[in-house]
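Coordinates as given in final_4.csv (CSV, C-alpha atoms):
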```csv
chain,number,residue,atom,x,y,z
A,1,MET,CA,9.5,-49.1,-200.9
A,2,ASN,CA,9.4,-46.7,-203.8
A,3,GLY,CA,7.1,-44.2,-202.1
A,4,LYS,CA,4.2,-44.6,-204.6
A,5,LYS,CA,0.8,-45.1,-203.2
A,6,LYS,CA,-0.8,-48.5,-204.1
A,7,THR,CA,-4.2,-47.8,-205.5
A,8,TYR,CA,-6.9,-50.0,-207.0
A,9,GLY,CA,-9.4,-49.0,-209.7
A,10,PHE,CA,-10.1,-45.3,-209.5
A,11,GLY,CA,-7.9,-43.9,-206.6
A,12,PHE,CA,-8.9,-46.4,-203.9
A,13,ASN,CA,-6.1,-46.9,-201.4
A,14,PRO,CA,-7.2,-49.3,-198.6
A,15,SER,CA,-4.3,-48.3,-196.4
A,16,GLU,CA,-5.7,-44.8,-196.1
A,17,SER,CA,-9.4,-45.8,-195.6
A,18,GLN,CA,-11.3,-49.0,-196.3
A,19,HIS,CA,-14.4,-47.0,-197.2
A,20,HIS,CA,-14.9,-47.2,-201.0
A,21,PHE,CA,-17.5,-47.9,-203.7
A,22,LEU,CA,-17.4,-51.1,-205.8
A,23,VAL,CA,-18.9,-51.0,-209.3
A,24,VAL,CA,-19.8,-54.5,-210.5
A,25,ILE,CA,-20.0,-54.6,-214.3
A,26,PRO,CA,-21.5,-57.7,-215.8
A,27,LYS,CA,-20.2,-59.4,-218.9
A,28,SER,CA,-23.7,-59.7,-220.4
A,29,ASP,CA,-25.1,-56.7,-222.3
A,30,THR,CA,-28.5,-57.4,-220.7
A,31,GLY,CA,-27.0,-57.5,-217.2
A,32,ARG,CA,-27.3,-54.7,-214.6
A,33,VAL,CA,-24.4,-52.7,-213.2
A,34,ILE,CA,-24.6,-52.5,-209.4
A,35,ILE,CA,-22.7,-49.9,-207.3
A,36,PHE,CA,-22.0,-50.9,-203.7
A,37,GLU,CA,-20.9,-48.7,-200.8
A,38,ARG,CA,-18.4,-50.7,-198.7
A,39,PHE,CA,-16.4,-50.2,-195.5
A,40,SER,CA,-14.0,-53.2,-195.6
A,41,TRP,CA,-11.5,-54.5,-198.1
A,42,GLN,CA,-10.2,-58.0,-198.3
A,43,GLU,CA,-6.5,-57.9,-199.0
A,44,GLY,CA,-4.9,-60.4,-201.3
A,45,VAL,CA,-8.0,-61.6,-203.1
A,46,GLU,CA,-8.8,-61.3,-206.8
A,47,VAL,CA,-12.5,-60.8,-206.2
A,48,GLN,CA,-14.0,-59.1,-203.2
A,49,LYS,CA,-16.7,-61.1,-201.4
A,50,ILE,CA,-19.9,-59.0,-201.2
A,51,ASP,CA,-21.6,-59.3,-197.7
A,52,TYR,CA,-25.1,-57.9,-198.1
A,53,SER,CA,-25.4,-57.4,-194.4
A,54,ILE,CA,-22.8,-54.6,-194.5
A,55,ASP,CA,-22.1,-53.9,-198.2
A,56,LYS,CA,-24.9,-51.7,-199.3
A,57,PRO,CA,-26.1,-51.6,-202.9
A,58,LYS,CA,-26.8,-48.0,-203.7
A,59,VAL,CA,-28.0,-48.1,-207.3
A,60,GLU,CA,-28.4,-50.4,-210.3
A,61,LEU,CA,-28.3,-49.4,-213.9
A,62,ASP,CA,-29.0,-51.3,-217.0
A,63,LYS,CA,-25.8,-51.7,-219.0
A,64,LYS,CA,-27.0,-49.4,-221.7
A,65,LYS,CA,-27.4,-46.5,-219.3
A,66,TRP,CA,-24.0,-47.3,-217.7
A,67,LYS,CA,-22.4,-47.1,-221.1
A,68,LEU,CA,-23.8,-43.6,-221.5
A,69,ILE,CA,-21.9,-42.4,-218.4
A,70,GLU,CA,-18.9,-44.6,-217.9
A,71,GLY,CA,-16.7,-42.5,-220.3
A,72,VAL,CA,-17.6,-39.3,-218.6
A,73,LEU,CA,-16.9,-40.7,-215.1
A,74,GLU,CA,-13.6,-42.2,-216.3
A,75,GLU,CA,-12.4,-38.9,-217.8
A,76,GLU,CA,-13.5,-36.9,-214.7
A,77,PHE,CA,-11.8,-39.2,-212.2
A,78,ASN,CA,-8.7,-39.7,-214.2
A,79,THR,CA,-8.2,-36.0,-214.8
A,80,ARG,CA,-8.3,-35.5,-211.0
A,81,LEU,CA,-6.1,-38.5,-210.3
A,82,LYS,CA,-3.5,-37.1,-212.7
A,83,GLN,CA,-3.5,-33.8,-210.9
A,84,GLU,CA,-2.7,-35.7,-207.7
A,85,LYS,CA,0.0,-37.7,-209.6
A,86,LEU,CA,-1.8,-40.9,-208.9
A,87,PRO,CA,-2.4,-43.9,-211.3
A,88,THR,CA,-5.4,-43.6,-213.5
A,89,GLY,CA,-8.1,-46.3,-213.8
A,90,ARG,CA,-10.2,-48.0,-216.5
A,91,TRP,CA,-13.6,-49.6,-216.2
A,92,LYS,CA,-13.5,-53.4,-216.7
A,93,ILE,CA,-15.9,-56.3,-216.6
A,94,GLY,CA,-16.1,-57.4,-213.0
A,95,GLN,CA,-15.3,-55.4,-209.9
A,96,ASN,CA,-14.0,-51.9,-210.0
A,97,PRO,CA,-13.0,-50.2,-206.7
A,98,VAL,CA,-13.6,-46.4,-206.6
A,99,HIS,CA,-12.3,-43.9,-204.0
A,100,ARG,CA,-15.1,-43.0,-201.5
A,101,LEU,CA,-15.4,-39.4,-202.7
A,102,PHE,CA,-15.5,-40.3,-206.4
A,103,GLY,CA,-18.0,-43.0,-205.5
A,104,LYS,CA,-20.3,-40.4,-204.0
A,105,GLU,CA,-20.2,-38.3,-207.2
A,106,MET,CA,-20.7,-41.4,-209.3
A,107,VAL,CA,-23.8,-42.6,-207.4
A,108,LEU,CA,-25.3,-39.1,-207.5
A,109,LEU,CA,-25.2,-39.2,-211.3
A,110,ALA,CA,-26.5,-42.8,-211.4
A,111,TRP,CA,-29.4,-41.9,-209.1
A,112,ALA,CA,-30.3,-39.1,-211.5
A,113,ILE,CA,-30.5,-41.4,-214.5
A,114,GLU,CA,-31.7,-44.7,-213.0
A,115,ASP,CA,-35.3,-44.3,-214.0
A,116,CYS,CA,-35.1,-41.7,-216.8
A,117,ASP,CA,-35.4,-42.0,-220.5
A,118,PRO,CA,-31.9,-42.4,-222.0
A,119,SER,CA,-32.4,-39.4,-224.2
A,120,VAL,CA,-32.0,-37.1,-221.1
A,121,VAL,CA,-28.8,-38.6,-219.9
A,122,PRO,CA,-26.7,-36.0,-221.8
A,123,THR,CA,-28.6,-33.3,-219.9
A,124,ALA,CA,-27.9,-35.0,-216.6
A,125,VAL,CA,-24.2,-35.3,-217.4
A,126,ARG,CA,-23.9,-31.6,-218.4
A,127,ASN,CA,-25.7,-30.6,-215.1
A,128,TRP,CA,-23.6,-33.0,-213.1
A,129,LYS,CA,-20.4,-31.6,-214.6
A,130,GLY,CA,-21.7,-28.1,-213.8
A,131,LEU,CA,-21.5,-29.0,-210.1
A,132,SER,CA,-18.2,-28.8,-208.1
A,133,PRO,CA,-17.1,-32.0,-206.4
A,134,GLU,CA,-18.0,-30.5,-203.0
A,135,GLU,CA,-21.5,-29.8,-204.2
A,136,ARG,CA,-21.8,-33.4,-205.5
A,137,TRP,CA,-20.6,-34.8,-202.1
A,138,TRP,CA,-23.1,-32.6,-200.2
A,139,LEU,CA,-26.0,-33.7,-202.5
A,140,PHE,CA,-25.0,-37.4,-202.1
A,141,THR,CA,-24.8,-37.0,-198.3
A,142,MET,CA,-28.2,-35.4,-198.1
A,143,THR,CA,-29.8,-37.8,-200.5
A,144,ASN,CA,-28.1,-40.9,-198.9
A,145,ALA,CA,-29.3,-39.9,-195.5
A,146,ALA,CA,-32.9,-39.7,-196.6
A,147,THR,CA,-33.2,-42.3,-199.4
A,148,GLY,CA,-30.0,-44.0,-200.0
A,149,GLY,CA,-31.3,-47.5,-200.4
A,150,LEU,CA,-31.5,-49.4,-203.6
A,151,LYS,CA,-35.3,-49.2,-204.0
A,152,ASP,CA,-36.2,-46.0,-202.1
A,153,ARG,CA,-36.6,-43.4,-204.8
A,154,ARG,CA,-38.7,-40.7,-203.1
A,155,GLY,CA,-37.8,-37.3,-201.7
A,156,TRP,CA,-34.2,-36.2,-202.3
A,157,ARG,CA,-33.6,-39.0,-204.7
A,158,LYS,CA,-36.5,-37.9,-206.8
A,159,ALA,CA,-35.4,-34.3,-206.6
A,160,ILE,CA,-31.9,-35.2,-207.8
A,161,LYS,CA,-33.5,-36.9,-210.9
A,162,TYR,CA,-35.5,-33.8,-211.7
A,163,ALA,CA,-32.7,-31.3,-210.9
A,164,LEU,CA,-30.2,-33.1,-213.2
A,165,THR,CA,-32.4,-34.3,-216.0
A,166,GLU,CA,-35.0,-31.5,-216.4
A,167,ASN,CA,-32.8,-28.4,-215.9
A,168,PRO,CA,-30.8,-28.1,-219.1
A,169,ILE,CA,-27.8,-25.9,-219.0
A,170,GLU,CA,-27.3,-24.1,-222.4
A,171,ASP,CA,-24.2,-22.2,-221.5
A,172,SER,CA,-21.5,-24.5,-220.2
A,173,ASN,CA,-19.8,-21.6,-218.3
A,174,ARG,CA,-22.9,-21.1,-216.2
A,175,GLN,CA,-23.2,-23.3,-213.2
A,176,MET,CA,-26.6,-24.7,-212.4
A,177,ASP,CA,-28.3,-23.4,-209.3
A,178,ILE,CA,-29.5,-26.9,-208.2
A,179,PHE,CA,-30.2,-25.8,-204.7
A,180,ASP,CA,-32.6,-23.1,-205.8
A,181,LEU,CA,-34.3,-25.6,-208.1
A,182,MET,CA,-34.7,-28.2,-205.3
A,183,LEU,CA,-36.1,-25.7,-202.9
A,184,ARG,CA,-38.7,-24.4,-205.4
A,185,ARG,CA,-39.8,-27.9,-206.5
A,186,LYS,CA,-42.1,-29.7,-204.1
A,187,ILE,CA,-41.2,-33.4,-204.3
A,188,ASP,CA,-43.3,-35.4,-201.8
A,189,ASP,CA,-44.7,-38.9,-202.3
```
Final structure tokens representation of the file:
Amino acid sequence: MNGKKKTYGFGFNPSESQHHFLVVIPKSDTGRVIIFERFSWQEGVEVQKIDYSIDKPKVELDKKKWKLIEGVLEEEFNTRLKQEKLPTGRWKIGQNPVHRLFGKEMVLLAWAIEDCDPSVVPTAVRNWKGLSPEERWWLFTMTNAATGGLKDRRGWRKAIKYALTENPIEDSNRQMDIFDLMLRRKIDD
């Protein structure tokens, strides 16, 4: 063995942990991109079988919104993979495995833009990039615990949308204080 780690997609190595996210990108421009959180990996198969009883869809985006964030996600993840001397990834039509921590960050951004006007996506991206990976993981964890389902868009999920899309950062060196914003904003349905 050459000592290199075998990874799939964006840093996913099933020999370390089978917990990952799977981004399913349709061929059709009118299709919807679905991001699943998964806890098992089927070795030796070209296409993973989705089991809806255990594989949880976290978010769906229309393909136009996905196109607005896919390059940012690819650049962010590949920069960090290169730092770890791991193979980089590329989005492709079909299934794209993503390391569990990258997946949390990706879903957080997708939750923020799932119902928004496409014109505010650049603001969401800037604000998302202003957060450290650890802050993104924490926000995903808190949001997922309260409203992590595909259709439940209340509470934390709604707060993430407002925090990332309605809080423009003008100075890219200034990190957004998302926690303060979320505490001040009353988001109850």
- [ ] Kindly indicate which residue among A:Met142, A:His99, A:Leu109, A:Asn167 lies nearest to Gly155 (chain A), using all atoms listed in the file for the distances.
- [x]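 Of the candidates, the smallest distance to Gly155 (chain A) is held by A:Met142.
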Open item on the list: My list of candidates is A:Asp51, A:Ala145, A:Gly11, A:Leu139. Which is closest to Glu84 (chain A) when distances are computed with all atoms listed in the file?
Closed with: A:Gly11
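CA of Gly103 (chain A) lies 17.5 Å from CA of Gly130 (chain A).
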- [ ] Name the residues in contact with Thr123 (chain A) at a cut-off of 12 Å, using all atoms listed in the file, excluding same-chain residues fewer than 4 positions from it; report them as a VMD selection string.
- [x] chain A and resid 68 to 69 109 112 to 113 116 to 119 127 to 130 161 to 170 172 176
Open item on the list: Measuring between all atoms listed in the file, which one of A:Ile25, A:Lys58, A:Ala124, A:Lys85 shows the shortest distance to Asp152 (chain A)?
Closed with: A:Lys58
Task: Spatial sel., origin (-25.5, -58.0, -218.8), limit 12 Å, all atoms listed in the file, listed as a list in words - done: Val24, Ile25, Pro26, Lys27, Ser28, Asp29, Thr30, Gly31, Arg32, Val33, Ile34, Glu60, Leu61, Asp62, Lys63, Lys64, Lys65, Trp66, Lys67, Ile93 and Gly94 of chain A
TODO: Write out as a PyMOL selection string which residues come within 6 Å of Val23 (chain A) when counting only C-alpha atoms, dropping same-chain ones fewer than 2 positions away.
DONE: chain A and resi 34-35+95-96
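The closest residue to Gly71 (chain A), picked from A:Trp137, A:Trp91, A:Phe10, A:Trp156 and counting all atoms listed in the file, is A:Trp91.
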- [ ] Would you mind telling me which residue in A:Pro133, A:Arg38, A:Lys158, A:Glu70 lies nearest to Lys92 (chain A) when using only C-alpha atoms?
- [x]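 Of A:Pro133, A:Arg38, A:Lys158, A:Glu70, the one nearest Lys92 (chain A) is A:Glu70, counting only C-alpha atoms.
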Task: Two-atom distance - CA of Phe140 (chain A), CA of Glu46 (chain A) (Å) - done: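 Separation of CA of Phe140 (chain A) and CA of Glu46 (chain A): 29.3 Å.
The nearest approach to Val107 (chain A) among the residues A:Lys151, A:Lys6, A:Arg136, A:Arg126, with all atoms listed in the file taken into account, belongs to A:Arg136.
CA of Ile160 (chain A) to CA of Thr143 (chain A) spans 8.0 Å [interatomic distance, one decimal].
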